[in-house]
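What follows is final.cif (mmCIF, C-alpha atoms).
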```cif
data_start
#
loop_
_atom_site.group_PDB
_atom_site.id
_atom_site.type_symbol
_atom_site.label_atom_id
_atom_site.label_comp_id
_atom_site.auth_asym_id
_atom_site.auth_seq_id
_atom_site.Cartn_x
_atom_site.Cartn_y
_atom_site.Cartn_z
ATOM 1 C CA MET H 1 0.000 0.000 0.000
ATOM 2 C CA LYS H 2 1.190 3.535 -0.755
ATOM 3 C CA ARG H 3 1.925 5.702 2.253
ATOM 4 C CA ILE H 4 1.878 9.415 2.939
ATOM 5 C CA TYR H 5 3.477 10.870 6.042
ATOM 6 C CA VAL H 6 2.126 13.949 7.826
ATOM 7 C CA HIS H 7 3.825 16.296 10.259
ATOM 8 C CA SER H 8 3.178 19.665 11.898
ATOM 9 C CA PHE H 9 5.398 22.247 13.573
ATOM 10 C CA LYS H 10 5.055 25.721 15.000
ATOM 11 C CA THR H 11 6.868 28.739 13.540
ATOM 12 C CA GLY H 12 6.777 32.475 14.121
ATOM 13 C CA LEU H 13 4.092 32.634 11.427
ATOM 14 C CA GLY H 14 1.989 29.895 13.049
ATOM 15 C CA THR H 15 1.568 26.146 12.599
ATOM 16 C CA ILE H 16 2.776 24.656 9.327
ATOM 17 C CA ARG H 17 1.686 21.167 8.285
ATOM 18 C CA THR H 18 3.445 18.955 5.741
ATOM 19 C CA ALA H 19 2.725 15.704 3.928
ATOM 20 C CA ALA H 20 5.241 13.636 1.994
ATOM 21 C CA THR H 21 5.099 10.551 -0.197
ATOM 22 C CA ASP H 22 7.986 8.313 -1.181
ATOM 23 C CA LYS H 23 8.507 10.672 -4.165
ATOM 24 C CA GLY H 24 8.928 13.775 -2.003
ATOM 25 C CA LEU H 25 7.156 16.627 -0.263
ATOM 26 C CA ALA H 26 3.583 16.752 -1.565
ATOM 27 C CA VAL H 27 1.678 19.245 0.622
ATOM 28 C CA LEU H 28 2.687 22.176 2.805
ATOM 29 C CA SER H 29 -0.046 24.152 4.511
ATOM 30 C CA LEU H 30 0.393 27.754 5.486
ATOM 31 C CA PRO H 31 -0.602 28.913 8.960
ATOM 32 C CA GLY H 32 -4.326 29.477 9.173
ATOM 33 C CA GLU H 33 -5.341 26.192 7.553
ATOM 34 C CA SER H 34 -6.835 23.939 10.201
ATOM 35 C CA GLU H 35 -5.602 20.407 10.729
ATOM 36 C CA ARG H 36 -9.039 19.153 9.621
ATOM 37 C CA LEU H 37 -8.842 21.013 6.281
ATOM 38 C CA PHE H 38 -5.211 19.958 5.794
ATOM 39 C CA ARG H 39 -6.048 16.272 6.322
ATOM 40 C CA ALA H 40 -9.078 16.571 4.027
ATOM 41 C CA ARG H 41 -6.820 18.012 1.306
ATOM 42 C CA VAL H 42 -4.302 15.195 1.795
ATOM 43 C CA ARG H 43 -7.093 12.600 1.501
ATOM 44 C CA ARG H 44 -8.486 14.326 -1.626
ATOM 45 C CA TYR H 45 -5.152 14.346 -3.478
ATOM 46 C CA PHE H 46 -3.909 10.999 -2.169
ATOM 47 C CA LYS H 47 -6.909 8.670 -2.195
ATOM 48 C CA GLY H 48 -6.085 5.165 -1.069
ATOM 49 C CA TYR H 49 -2.855 6.158 0.674
ATOM 50 C CA GLU H 50 -2.220 5.017 4.233
ATOM 51 C CA VAL H 51 -1.609 8.110 6.388
ATOM 52 C CA ASN H 52 1.215 7.902 8.945
ATOM 53 C CA GLU H 53 2.865 10.432 11.241
ATOM 54 C CA GLY H 54 6.476 11.577 10.828
ATOM 55 C CA GLY H 55 8.764 10.811 7.914
ATOM 56 C CA ALA H 56 12.303 11.862 7.035
ATOM 57 C CA THR H 57 11.176 14.212 4.232
ATOM 58 C CA ASN H 58 8.867 16.059 6.622
ATOM 59 C CA ARG H 59 11.661 16.442 9.195
ATOM 60 C CA GLU H 60 13.988 17.816 6.497
ATOM 61 C CA THR H 61 11.205 20.140 5.327
ATOM 62 C CA GLU H 62 10.773 21.487 8.865
ATOM 63 C CA LYS H 63 14.529 22.103 9.093
ATOM 64 C CA GLN H 64 14.647 23.953 5.745
ATOM 65 C CA VAL H 65 11.465 25.987 6.415
ATOM 66 C CA ARG H 66 12.898 27.112 9.755
ATOM 67 C CA GLN H 67 16.172 28.102 8.027
ATOM 68 C CA TYR H 68 14.224 29.959 5.312
ATOM 69 C CA LEU H 69 12.066 31.854 7.818
ATOM 70 C CA GLY H 70 15.221 32.667 9.794
ATOM 71 C CA GLY H 71 16.795 34.242 6.698
ATOM 72 C CA LYS H 72 19.465 31.537 6.431
ATOM 73 C CA LEU H 73 18.137 29.582 3.433
ATOM 74 C CA LYS H 74 17.596 31.092 -0.019
ATOM 75 C CA HIS H 75 16.759 27.929 -2.007
ATOM 76 C CA PHE H 76 14.987 24.760 -0.896
ATOM 77 C CA THR H 77 16.650 21.464 -1.849
ATOM 78 C CA LEU H 78 13.769 19.070 -1.217
ATOM 79 C CA LYS H 79 12.489 16.328 -3.495
ATOM 80 C CA LEU H 80 8.935 17.260 -4.509
ATOM 81 C CA ASP H 81 5.823 15.316 -5.470
ATOM 82 C CA ILE H 82 3.986 18.021 -7.443
ATOM 83 C CA GLN H 83 0.316 17.364 -8.194
ATOM 84 C CA GLY H 84 -1.711 18.895 -11.046
ATOM 85 C CA THR H 85 -2.120 18.939 -14.797
ATOM 86 C CA GLU H 86 0.948 19.030 -17.033
ATOM 87 C CA PHE H 87 0.514 22.794 -17.544
ATOM 88 C CA GLN H 88 0.153 23.370 -13.803
ATOM 89 C CA LYS H 89 3.299 21.353 -13.126
ATOM 90 C CA LYS H 90 5.243 23.350 -15.756
ATOM 91 C CA ALA H 91 3.967 26.636 -14.325
ATOM 92 C CA LEU H 92 4.892 25.621 -10.773
ATOM 93 C CA LYS H 93 8.361 24.517 -11.859
ATOM 94 C CA LYS H 94 8.813 27.946 -13.466
ATOM 95 C CA VAL H 95 7.601 29.625 -10.249
ATOM 96 C CA ALA H 96 10.111 27.499 -8.315
ATOM 97 C CA SER H 97 12.888 29.038 -10.430
ATOM 98 C CA ILE H 98 12.123 32.629 -9.340
ATOM 99 C CA PRO H 99 15.186 33.623 -7.291
ATOM 100 C CA TYR H 100 14.998 34.625 -3.643
ATOM 101 C CA GLY H 101 14.368 38.355 -3.343
ATOM 102 C CA LYS H 102 12.900 38.671 -6.858
ATOM 103 C CA THR H 103 9.371 38.697 -8.213
ATOM 104 C CA SER H 104 7.799 37.796 -11.532
ATOM 105 C CA SER H 105 4.364 38.540 -12.946
ATOM 106 C CA TYR H 106 1.785 36.013 -14.069
ATOM 107 C CA GLY H 107 2.256 37.301 -17.623
ATOM 108 C CA GLU H 108 6.049 36.958 -17.496
ATOM 109 C CA ILE H 109 5.703 33.345 -16.410
ATOM 110 C CA ALA H 110 3.146 32.649 -19.142
ATOM 111 C CA ARG H 111 5.500 34.124 -21.766
ATOM 112 C CA ALA H 112 8.428 32.089 -20.381
ATOM 113 C CA LEU H 113 6.294 28.958 -20.808
ATOM 114 C CA GLY H 114 5.637 29.870 -24.453
ATOM 115 C CA ALA H 115 1.968 30.602 -23.722
ATOM 116 C CA PRO H 116 1.772 34.421 -23.622
ATOM 117 C CA LYS H 117 -2.030 34.463 -23.281
ATOM 118 C CA ALA H 118 -2.051 32.040 -20.340
ATOM 119 C CA ALA H 119 -1.506 34.506 -17.476
ATOM 120 C CA ARG H 120 -4.839 33.476 -15.921
ATOM 121 C CA ALA H 121 -3.927 29.794 -16.206
ATOM 122 C CA VAL H 122 -0.632 30.572 -14.450
ATOM 123 C CA GLY H 123 -2.652 32.316 -11.734
ATOM 124 C CA SER H 124 -4.877 29.261 -11.433
ATOM 125 C CA ALA H 125 -1.866 26.949 -11.139
ATOM 126 C CA ASN H 126 -0.425 29.247 -8.494
ATOM 127 C CA ALA H 127 -3.709 29.189 -6.556
ATOM 128 C CA ARG H 128 -3.565 25.361 -6.549
ATOM 129 C CA ASN H 129 0.064 25.257 -5.406
ATOM 130 C CA ASN H 130 0.212 22.636 -2.640
ATOM 131 C CA LEU H 131 3.786 23.627 -1.764
ATOM 132 C CA PRO H 132 3.833 27.344 -0.890
ATOM 133 C CA LEU H 133 7.134 28.688 0.458
ATOM 134 C CA VAL H 134 8.973 25.762 -1.205
ATOM 135 C CA ILE H 135 7.454 26.671 -4.578
ATOM 136 C CA PRO H 136 7.454 30.404 -3.821
ATOM 137 C CA CYS H 137 4.114 31.519 -5.231
ATOM 138 C CA HIS H 138 4.382 34.598 -2.993
ATOM 139 C CA ARG H 139 6.999 35.826 -5.510
ATOM 140 C CA VAL H 140 4.400 35.961 -8.284
ATOM 141 C CA VAL H 141 2.738 39.345 -8.514
ATOM 142 C CA ALA H 142 0.050 40.914 -10.657
ATOM 143 C CA SER H 143 1.063 43.471 -13.278
ATOM 144 C CA ASN H 144 -0.779 46.138 -11.257
ATOM 145 C CA GLY H 145 0.188 45.185 -7.691
ATOM 146 C CA LEU H 146 0.755 42.271 -5.360
ATOM 147 C CA GLY H 147 -2.095 40.059 -6.567
ATOM 148 C CA GLY H 148 -3.513 37.401 -4.258
ATOM 149 C CA TYR H 149 -2.023 34.832 -1.903
ATOM 150 C CA GLY H 150 -3.490 31.824 -0.150
ATOM 151 C CA GLY H 151 -1.893 32.875 3.130
ATOM 152 C CA GLY H 152 -3.303 36.398 2.799
ATOM 153 C CA LEU H 153 -1.737 39.613 1.529
ATOM 154 C CA ALA H 154 -0.233 40.436 4.933
ATOM 155 C CA MET H 155 1.774 37.193 4.858
ATOM 156 C CA LYS H 156 2.741 37.711 1.196
ATOM 157 C CA THR H 157 3.981 41.200 2.048
ATOM 158 C CA GLN H 158 5.857 39.899 5.107
ATOM 159 C CA LEU H 159 7.608 37.184 3.057
ATOM 160 C CA LEU H 160 8.534 39.573 0.238
ATOM 161 C CA LYS H 161 9.883 42.115 2.742
ATOM 162 C CA MET H 162 11.871 39.390 4.511
ATOM 163 C CA GLU H 163 13.441 38.500 1.159
ATOM 164 C CA GLY H 164 14.094 42.146 0.300
ATOM 165 C CA ALA H 165 11.873 41.968 -2.790
ATOM 166 C CA ILE H 166 9.769 44.973 -1.695
#
```
Please render this file's structure as structure tokens.
Amino acid sequence: MKRIYVHSFKTGLGTIRTAATDKGLAVLSLPGESERLFRARVRRYFKGYEVNEGGATNRETEKQVRQYLGGKLKHFTLKLDIQGTEFQKKALKKVASIPYGKTSSYGEIARALGAPKAARAVGSANARNNLPLVIPCHRVVASNGLGGYGGGLAMKTQLLKMEGAI
């Protein structure tokens, strides 16, 4: 049977929850998402998986997230199990390549993917990002401002300020 491992830890932002498969980190919840909603999301994306506590990938994720939030880590080096359509996966991989302290617009990412009219689809992929912070969707901004963020605009602003991007 396939297994997924779950873990939670407290940070200065609040409680972060993670889930990892044998392929890599699959879900990271931002503070504000309840444990009930997190577990429901894990069950929705990983039907038929046995859920266990712990896991080496989750412990490494906690270590790297703490280093990132402490300003000591600029690039995550975790194996990832990215979920979504092929376009969503390509968009999220492009988002993952945005350097620390920089931002990119939805349109710039769409053009980089060779789909210049797909800015909304990039936004949709970003909204479905199960790995915020690690795939830094907070670095994606609208052409006319910050745009949205699943963790809220205050958190997006805090992360971008921490990175020196704004």
Residues returned when the PyMOL selection byres ((chain H and resi 19) around 12) runs on this file, as a PDB file with C-alpha atoms, in the frame of the given file:
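Contents of the output file expr.pdb:
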```
ATOM      1  CA  ARG H   3       1.925   5.702   2.253  1.00  0.00           C
ATOM      2  CA  ILE H   4       1.878   9.415   2.939  1.00  0.00           C
ATOM      3  CA  TYR H   5       3.477  10.870   6.042  1.00  0.00           C
ATOM      4  CA  VAL H   6       2.126  13.949   7.826  1.00  0.00           C
ATOM      5  CA  HIS H   7       3.825  16.296  10.259  1.00  0.00           C
ATOM      6  CA  SER H   8       3.178  19.665  11.898  1.00  0.00           C
ATOM      7  CA  PHE H   9       5.398  22.247  13.573  1.00  0.00           C
ATOM      8  CA  ILE H  16       2.776  24.656   9.327  1.00  0.00           C
ATOM      9  CA  ARG H  17       1.686  21.167   8.285  1.00  0.00           C
ATOM     10  CA  THR H  18       3.445  18.955   5.741  1.00  0.00           C
ATOM     11  CA  ALA H  20       5.241  13.636   1.994  1.00  0.00           C
ATOM     12  CA  THR H  21       5.099  10.551  -0.197  1.00  0.00           C
ATOM     13  CA  ASP H  22       7.986   8.313  -1.181  1.00  0.00           C
ATOM     14  CA  LYS H  23       8.507  10.672  -4.165  1.00  0.00           C
ATOM     15  CA  GLY H  24       8.928  13.775  -2.003  1.00  0.00           C
ATOM     16  CA  LEU H  25       7.156  16.627  -0.263  1.00  0.00           C
ATOM     17  CA  ALA H  26       3.583  16.752  -1.565  1.00  0.00           C
ATOM     18  CA  VAL H  27       1.678  19.245   0.622  1.00  0.00           C
ATOM     19  CA  LEU H  28       2.687  22.176   2.805  1.00  0.00           C
ATOM     20  CA  SER H  29      -0.046  24.152   4.511  1.00  0.00           C
ATOM     21  CA  GLU H  35      -5.602  20.407  10.729  1.00  0.00           C
ATOM     22  CA  PHE H  38      -5.211  19.958   5.794  1.00  0.00           C
ATOM     23  CA  ARG H  39      -6.048  16.272   6.322  1.00  0.00           C
ATOM     24  CA  ALA H  40      -9.078  16.571   4.027  1.00  0.00           C
ATOM     25  CA  ARG H  41      -6.820  18.012   1.306  1.00  0.00           C
ATOM     26  CA  VAL H  42      -4.302  15.195   1.795  1.00  0.00           C
ATOM     27  CA  ARG H  43      -7.093  12.600   1.501  1.00  0.00           C
ATOM     28  CA  TYR H  45      -5.152  14.346  -3.478  1.00  0.00           C
ATOM     29  CA  PHE H  46      -3.909  10.999  -2.169  1.00  0.00           C
ATOM     30  CA  TYR H  49      -2.855   6.158   0.674  1.00  0.00           C
ATOM     31  CA  GLU H  50      -2.220   5.017   4.233  1.00  0.00           C
ATOM     32  CA  VAL H  51      -1.609   8.110   6.388  1.00  0.00           C
ATOM     33  CA  ASN H  52       1.215   7.902   8.945  1.00  0.00           C
ATOM     34  CA  GLU H  53       2.865  10.432  11.241  1.00  0.00           C
ATOM     35  CA  GLY H  54       6.476  11.577  10.828  1.00  0.00           C
ATOM     36  CA  GLY H  55       8.764  10.811   7.914  1.00  0.00           C
ATOM     37  CA  ALA H  56      12.303  11.862   7.035  1.00  0.00           C
ATOM     38  CA  THR H  57      11.176  14.212   4.232  1.00  0.00           C
ATOM     39  CA  ASN H  58       8.867  16.059   6.622  1.00  0.00           C
ATOM     40  CA  ARG H  59      11.661  16.442   9.195  1.00  0.00           C
ATOM     41  CA  GLU H  60      13.988  17.816   6.497  1.00  0.00           C
ATOM     42  CA  THR H  61      11.205  20.140   5.327  1.00  0.00           C
ATOM     43  CA  GLU H  62      10.773  21.487   8.865  1.00  0.00           C
ATOM     44  CA  LEU H  80       8.935  17.260  -4.509  1.00  0.00           C
ATOM     45  CA  ASP H  81       5.823  15.316  -5.470  1.00  0.00           C
ATOM     46  CA  ILE H  82       3.986  18.021  -7.443  1.00  0.00           C
ATOM     47  CA  ASN H 130       0.212  22.636  -2.640  1.00  0.00           C
ATOM     48  CA  LEU H 131       3.786  23.627  -1.764  1.00  0.00           C
TER      49      LEU H 131
END
```
**Asked** What is the distance, in Å and to one decimal place, between atom CA of H:Leu159 and atom CA of H:Leu133?
**Response**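 Rounded to one decimal, the two atoms are 8.9 Å apart.
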**Asked** For H:Tyr100, which residue among H:Lys79, H:Arg128, H:Lys161, H:Lys47 is the nearest when counting only C-alpha atoms?
**Response** H:Lys161
Can you tell me, as a PDB file with C-alpha atoms, keeping the file's coordinate frame, what residues are no more than 8 Å from stretch 152-157 of chain H when counting all atoms listed in the file, ignoring any on the same chain fewer than 5 positions away?
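Result file is around13.pdb:
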```pdb
ATOM      1  CA  HIS H 138       4.382  34.598  -2.993  1.00  0.00           C
ATOM      2  CA  LEU H 146       0.755  42.271  -5.360  1.00  0.00           C
ATOM      3  CA  ILE H 166       9.769  44.973  -1.695  1.00  0.00           C
TER       4      ILE H 166
END
```
**Between atom CA of H:Gln88 and atom CA of H:Val122, distance in Å (one decimal)** = 7.3 Å
Translate the PyMOL selection byres ((chain H and resi 115-121) around 12), as applied to the file shown, into an explicit residue set as a CSV table (one decimal) with C-alpha atoms, keeping the file's coordinate frame.
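Saved result, selection33.csv, follows:
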```
chain,number,residue,atom,x,y,z
H,85,THR,CA,-2.1,18.9,-14.8
H,86,GLU,CA,0.9,19.0,-17.0
H,87,PHE,CA,0.5,22.8,-17.5
H,88,GLN,CA,0.2,23.4,-13.8
H,89,LYS,CA,3.3,21.4,-13.1
H,90,LYS,CA,5.2,23.4,-15.8
H,91,ALA,CA,4.0,26.6,-14.3
H,92,LEU,CA,4.9,25.6,-10.8
H,104,SER,CA,7.8,37.8,-11.5
H,105,SER,CA,4.4,38.5,-12.9
H,106,TYR,CA,1.8,36.0,-14.1
H,107,GLY,CA,2.3,37.3,-17.6
H,108,GLU,CA,6.0,37.0,-17.5
H,109,ILE,CA,5.7,33.3,-16.4
H,110,ALA,CA,3.1,32.6,-19.1
H,111,ARG,CA,5.5,34.1,-21.8
H,112,ALA,CA,8.4,32.1,-20.4
H,113,LEU,CA,6.3,29.0,-20.8
H,114,GLY,CA,5.6,29.9,-24.5
H,122,VAL,CA,-0.6,30.6,-14.4
H,123,GLY,CA,-2.7,32.3,-11.7
H,124,SER,CA,-4.9,29.3,-11.4
H,125,ALA,CA,-1.9,26.9,-11.1
H,126,ASN,CA,-0.4,29.2,-8.5
H,127,ALA,CA,-3.7,29.2,-6.6
H,128,ARG,CA,-3.6,25.4,-6.5
H,140,VAL,CA,4.4,36.0,-8.3
H,141,VAL,CA,2.7,39.3,-8.5
H,142,ALA,CA,0.0,40.9,-10.7
H,143,SER,CA,1.1,43.5,-13.3
H,147,GLY,CA,-2.1,40.1,-6.6
```
**Fill in**
Using all atoms listed in the file, the shortest atom-to-atom distance to H:Gly14 among H:Val134, H:Val95, H:Met1, H:Leu30 belongs to H:Leu30
Provide an axis-aligned box for all listed atoms of stretch 6-15 of chain H, padding each side by 5 Å; report its centre and its edge lengths in Å to one decimal, as AutoDock Vina command-line options.
```
--center_x 4.2 --center_y 23.3 --center_z 11.4 --size_x 15.3 --size_y 28.7 --size_z 17.2
```
**Asked** Could you work out how far atom CA of H:Glu33 lies from atom CA of H:Gly145, giving the answer in Å with one decimal?
**Response**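 These atoms are spaced 25.0 Å apart.
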**Item:** Best match for closeness to H:Lys94 among H:Gly164, H:Pro136, H:Gly32, H:Gly148, counting only C-alpha atoms
**Value:**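 Ranking H:Gly164, H:Pro136, H:Gly32, H:Gly148 by distance to H:Lys94, first place goes to H:Pro136.
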**Request:** Fewer than 3 positions away in the same chain doesn't count, so skip those; otherwise give me all residues within 8 Å of stretch 67-76 of chain H, counting all atoms listed in the file, as a list in words.
**Result:** Lys63, Gln64, Pro99, Tyr100, Val134, Met162 and Glu163 of chain H
